[in-house]
Amino acid sequence: MLSSVSRALVAMSLAWGLVLPTSEALGVGLAPAQLSEIFGARVDHRLTVPAEEAARYATLVLAALSQAGIASDPQYVAVVDRNANVQAIFIYWLGSDAPPLLIGAAAVSTGRGGALDHFETPLGVFELTPANPDFRAEGTRNSLGIRGYGAKGMRVFDLGWQQALRLWGAGGVSTMRLQMHATDPDVLEPRLGTPQSKGCIRIPASLDQLLDHFGVLDAAYLSAAARGDHIRVLPADQEPVEGAGRYVVIVDSGRQSRPAWSPALQAASHP
């Protein structure tokens with residue numbers, strides 16, 4: 001008999017046009033390699049990262065977790081390179097007996113200077129926890145017709161209040177709300193791969209949906225739900241992966257030029 005995760009995987013394969021292993025191969029849960037296959041078939045603005053680059057970012061995430069005093073137990077983790085010449089997110093599986101496995105990578109947008117209330121996206125290891133509850137986009141438009149959090153229902157992953165460098169006026173450091181979320185699909189998503197945000201991490205809507213549906217970074221939320229807490233943000237049809245994580249690691253690779261595998265720079269005005 002198929003597990004609930006396997007049934008969901010089969011359903012999603014039909015909806016997304018995927019060709020997946022047989023039910024026997026699926027087993028009792030969604031393996032990292034299977035999540036990688038779904039990522040490759042479904043997520044927009046994907047990046048094809050060379051093996052040596054995947055190893056480089058794996059080293060960066062392990063070092064960041066170690067510096068933060070966090071054990072690299074088997075879990076999923078998201079790594080964001082805020083460097084203006086990269087602007088990418090990498091999803092890794094940290095196994096217990098193998099090097100980190102790159103599940104997939106995609107273009108993002110992080111903080112851009114030159115306008116009021118724009119911050120440099122802070123570096124560090126940030127935890128997704130119900131103490132800073134995630135929420136859902138309402139899909140409303142601002143005065144410029146922009147849906148800042150994307151289409152209605154998109155998950156907004158909240159990383160809490162953080163100290164960050166102001167990129168306007170006299171500069172200095174102050175507090176910003178760090179979030180990871182989808183963005184306007186018509187105007188702003190095409191600009192992923194370049195710094196565009198006020199300091200948050202903008203990701204493709206399709207990646208937002210994948211992380212949300214499979215609970216890839218929902219370890220703390222799932223633990224709270226298992227204790228009996230009412231966690232409203234978790235989707236009713238969620239099929240969480242085994243080994244869900246809880247950390248978003250933000251790094252700066254210090255690149256002085258754009259690598260061939262990263263998205264091409266787009267010259268677009270900021271609305």
# chains A, B, ... in the order shown; residues from 1 in each chain; ligands from 1
$ select_by_dssp --residues "segment 133-248 of chain A" --states "strand (DSSP E or B)" --output "list of chain:residue names"
A:Phe135, A:Arg136, A:Arg155, A:Val156, A:Phe157, A:Asp158, A:Leu159, A:Gly160, A:Trp161, A:Gln162, A:Gln163, A:Ala164, A:Leu165, A:Arg166, A:Val173, A:Ser174, A:Thr175, A:Met176, A:Arg177, A:Leu178, A:Gln179, A:Met180, A:His181, A:Ser197, A:Ile201, A:Arg202, A:Tyr247, A:Val248
$ write_last_selection --atoms "N, CA and C atoms" --output "PDB file, in the first residue's frame"
ATOM      1  N   PHE A 135       2.758  33.243   7.596  1.00  0.00           N
ATOM      2  CA  PHE A 135       1.382  33.595   7.252  1.00  0.00           C
ATOM      3  C   PHE A 135       1.203  33.475   5.748  1.00  0.00           C
ATOM      4  N   ARG A 136       0.016  33.758   5.277  1.00  0.00           N
ATOM      5  CA  ARG A 136      -0.331  33.613   3.872  1.00  0.00           C
ATOM      6  C   ARG A 136      -0.544  34.981   3.219  1.00  0.00           C
ATOM      7  N   ARG A 155       2.856  31.198   0.766  1.00  0.00           N
ATOM      8  CA  ARG A 155       3.402  31.141   2.122  1.00  0.00           C
ATOM      9  C   ARG A 155       4.467  32.222   2.302  1.00  0.00           C
ATOM     10  N   VAL A 156       4.386  32.951   3.390  1.00  0.00           N
ATOM     11  CA  VAL A 156       5.425  33.907   3.768  1.00  0.00           C
ATOM     12  C   VAL A 156       6.186  33.305   4.943  1.00  0.00           C
ATOM     13  N   PHE A 157       7.432  32.913   4.713  1.00  0.00           N
ATOM     14  CA  PHE A 157       8.277  32.303   5.733  1.00  0.00           C
ATOM     15  C   PHE A 157       8.918  33.424   6.546  1.00  0.00           C
ATOM     16  N   ASP A 158       8.576  33.481   7.823  1.00  0.00           N
ATOM     17  CA  ASP A 158       8.980  34.598   8.670  1.00  0.00           C
ATOM     18  C   ASP A 158      10.175  34.220   9.537  1.00  0.00           C
ATOM     19  N   LEU A 159      11.249  34.974   9.398  1.00  0.00           N
ATOM     20  CA  LEU A 159      12.493  34.712  10.137  1.00  0.00           C
ATOM     21  C   LEU A 159      12.715  35.703  11.278  1.00  0.00           C
ATOM     22  N   GLY A 160      11.709  36.496  11.578  1.00  0.00           N
ATOM     23  CA  GLY A 160      11.761  37.343  12.761  1.00  0.00           C
ATOM     24  C   GLY A 160      12.469  38.675  12.562  1.00  0.00           C
ATOM     25  N   TRP A 161      12.494  39.464  13.632  1.00  0.00           N
ATOM     26  CA  TRP A 161      13.173  40.761  13.626  1.00  0.00           C
ATOM     27  C   TRP A 161      14.678  40.537  13.698  1.00  0.00           C
ATOM     28  N   GLN A 162      15.397  41.207  12.796  1.00  0.00           N
ATOM     29  CA  GLN A 162      16.845  41.050  12.725  1.00  0.00           C
ATOM     30  C   GLN A 162      17.511  42.414  12.569  1.00  0.00           C
ATOM     31  N   GLN A 163      18.749  42.497  13.014  1.00  0.00           N
ATOM     32  CA  GLN A 163      19.548  43.704  12.814  1.00  0.00           C
ATOM     33  C   GLN A 163      20.166  43.664  11.423  1.00  0.00           C
ATOM     34  N   ALA A 164      20.068  44.777  10.703  1.00  0.00           N
ATOM     35  CA  ALA A 164      20.575  44.820   9.333  1.00  0.00           C
ATOM     36  C   ALA A 164      21.079  46.224   9.001  1.00  0.00           C
ATOM     37  N   LEU A 165      21.958  46.272   8.018  1.00  0.00           N
ATOM     38  CA  LEU A 165      22.540  47.544   7.585  1.00  0.00           C
ATOM     39  C   LEU A 165      21.548  48.299   6.712  1.00  0.00           C
ATOM     40  N   ARG A 166      21.294  49.567   7.059  1.00  0.00           N
ATOM     41  CA  ARG A 166      20.438  50.415   6.238  1.00  0.00           C
ATOM     42  C   ARG A 166      21.175  50.809   4.963  1.00  0.00           C
ATOM     43  N   VAL A 173      22.948  50.669  11.381  1.00  0.00           N
ATOM     44  CA  VAL A 173      22.243  49.407  11.585  1.00  0.00           C
ATOM     45  C   VAL A 173      20.949  49.662  12.347  1.00  0.00           C
ATOM     46  N   SER A 174      19.884  49.005  11.913  1.00  0.00           N
ATOM     47  CA  SER A 174      18.621  49.048  12.647  1.00  0.00           C
ATOM     48  C   SER A 174      17.875  47.742  12.400  1.00  0.00           C
ATOM     49  N   THR A 175      16.638  47.676  12.883  1.00  0.00           N
ATOM     50  CA  THR A 175      15.888  46.429  12.873  1.00  0.00           C
ATOM     51  C   THR A 175      14.981  46.327  11.653  1.00  0.00           C
ATOM     52  N   MET A 176      14.973  45.149  11.048  1.00  0.00           N
ATOM     53  CA  MET A 176      14.061  44.869   9.939  1.00  0.00           C
ATOM     54  C   MET A 176      13.410  43.512  10.170  1.00  0.00           C
ATOM     55  N   ARG A 177      12.286  43.294   9.521  1.00  0.00           N
ATOM     56  CA  ARG A 177      11.611  41.994   9.588  1.00  0.00           C
ATOM     57  C   ARG A 177      12.111  41.158   8.415  1.00  0.00           C
ATOM     58  N   LEU A 178      12.816  40.089   8.705  1.00  0.00           N
ATOM     59  CA  LEU A 178      13.390  39.244   7.671  1.00  0.00           C
ATOM     60  C   LEU A 178      12.401  38.156   7.290  1.00  0.00           C
ATOM     61  N   GLN A 179      12.052  38.105   6.025  1.00  0.00           N
ATOM     62  CA  GLN A 179      11.107  37.110   5.522  1.00  0.00           C
ATOM     63  C   GLN A 179      11.621  36.510   4.216  1.00  0.00           C
ATOM     64  N   MET A 180      11.126  35.346   3.904  1.00  0.00           N
ATOM     65  CA  MET A 180      11.391  34.705   2.614  1.00  0.00           C
ATOM     66  C   MET A 180      10.029  34.430   1.987  1.00  0.00           C
ATOM     67  N   HIS A 181       9.817  34.908   0.769  1.00  0.00           N
ATOM     68  CA  HIS A 181       8.467  34.836   0.214  1.00  0.00           C
ATOM     69  C   HIS A 181       8.492  34.943  -1.311  1.00  0.00           C
ATOM     70  N   SER A 197      14.955  43.620  -3.497  1.00  0.00           N
ATOM     71  CA  SER A 197      14.043  43.670  -2.359  1.00  0.00           C
ATOM     72  C   SER A 197      14.436  44.744  -1.361  1.00  0.00           C
ATOM     73  N   ILE A 201      14.051  37.982   1.288  1.00  0.00           N
ATOM     74  CA  ILE A 201      14.481  37.051   0.250  1.00  0.00           C
ATOM     75  C   ILE A 201      13.271  36.724  -0.615  1.00  0.00           C
ATOM     76  N   ARG A 202      13.293  37.145  -1.855  1.00  0.00           N
ATOM     77  CA  ARG A 202      12.223  36.824  -2.794  1.00  0.00           C
ATOM     78  C   ARG A 202      12.596  35.544  -3.531  1.00  0.00           C
ATOM     79  N   TYR A 247      16.207  25.693   9.104  1.00  0.00           N
ATOM     80  CA  TYR A 247      17.171  26.787   9.024  1.00  0.00           C
ATOM     81  C   TYR A 247      17.301  27.343   7.608  1.00  0.00           C
ATOM     82  N   VAL A 248      17.406  28.677   7.550  1.00  0.00           N
ATOM     83  CA  VAL A 248      17.803  29.397   6.347  1.00  0.00           C
ATOM     84  C   VAL A 248      19.151  30.043   6.656  1.00  0.00           C
TER      85      VAL A 248
END
$ residues_around --residues "segment 183-189 of chain A" --least-positions-apart "4" --cutoff "9 Å" --atoms "only C-alpha atoms" --output "list in words"
Val108, Ser109, Gly139, Ile146, Arg147, Gly148, Tyr149, Gly150, Ala151, Met154, Gln196, Arg202, Ile203, Pro204, Ala205, His270 and Pro271 of chain A
$ write_last_selection --atoms "C-alpha atoms" --output "CSV table (one decimal), in the first residue's frame"
chain,number,residue,atom,x,y,z
A,108,VAL,CA,16.3,35.0,-5.8
A,109,SER,CA,16.4,38.7,-5.0
A,139,GLY,CA,-2.7,38.9,-2.9
A,146,ILE,CA,2.3,45.3,-7.2
A,147,ARG,CA,1.5,42.2,-5.1
A,148,GLY,CA,4.5,42.3,-2.8
A,149,TYR,CA,4.0,38.8,-1.4
A,150,GLY,CA,2.8,37.3,-4.6
A,151,ALA,CA,-0.5,35.7,-5.5
A,154,MET,CA,1.5,32.1,-1.1
A,196,GLN,CA,15.5,44.0,-5.8
A,202,ARG,CA,12.2,36.8,-2.8
A,203,ILE,CA,11.9,33.3,-4.2
A,204,PRO,CA,10.0,31.8,-7.2
A,205,ALA,CA,6.4,31.1,-6.5
A,270,HIS,CA,12.6,49.2,-9.0
A,271,PRO,CA,8.8,50.0,-8.7
$ closest_atom_pairs --of "segment 217-270 of chain A" --to "segment 66-75 of chain A" --cutoff "10 Å" --atoms "only C-alpha atoms" --output "tab-separated table"
residue	atom	partner	partner_atom	distance
A:Leu217	CA	A:Gln75	CA	8.7
A:Ala219	CA	A:Gln75	CA	8.9
A:Val241	CA	A:Gln75	CA	9.7
A:Glu242	CA	A:Gln75	CA	8.2
A:Gly243	CA	A:Gln75	CA	4.7
A:Ala244	CA	A:Gln75	CA	5.6
A:Gly245	CA	A:Gln75	CA	4.9
A:Arg246	CA	A:Gln75	CA	8.2
A:Tyr247	CA	A:Gln75	CA	9.3
$ closest_residue --among "A:Leu116, A:Cys200, A:Leu123, A:Ala33" --to "Leu167 of chain A" --atoms "only C-alpha atoms"
A:Leu116
$ closest_residue --among "A:Ala107, A:Leu192, A:Leu62, A:Ala84" --to "Glu120 of chain A" --atoms "only C-alpha atoms"
A:Ala84
$ closest_residue --among "A:Pro263, A:Pro100, A:Pro32, A:Gly199" --to "Ala115 of chain A" --atoms "only C-alpha atoms"
A:Gly199
$ residues_around --residues "segment 228-240 of chain A" --least-positions-apart "5" --cutoff "8 Å" --atoms "only C-alpha atoms" --output "number ranges by chain"
A: 4-5, 8, 130, 134-136, 155, 212-216, 218, 221
$ atom_distance --atom1 "atom CA of Ser36 of chain A" --atom2 "atom CA of Val77 of chain A"
13.4 Å
$ atom_distance --atom1 "atom CA of Pro195 of chain A" --atom2 "atom CA of Asp81 of chain A"
11.1 Å
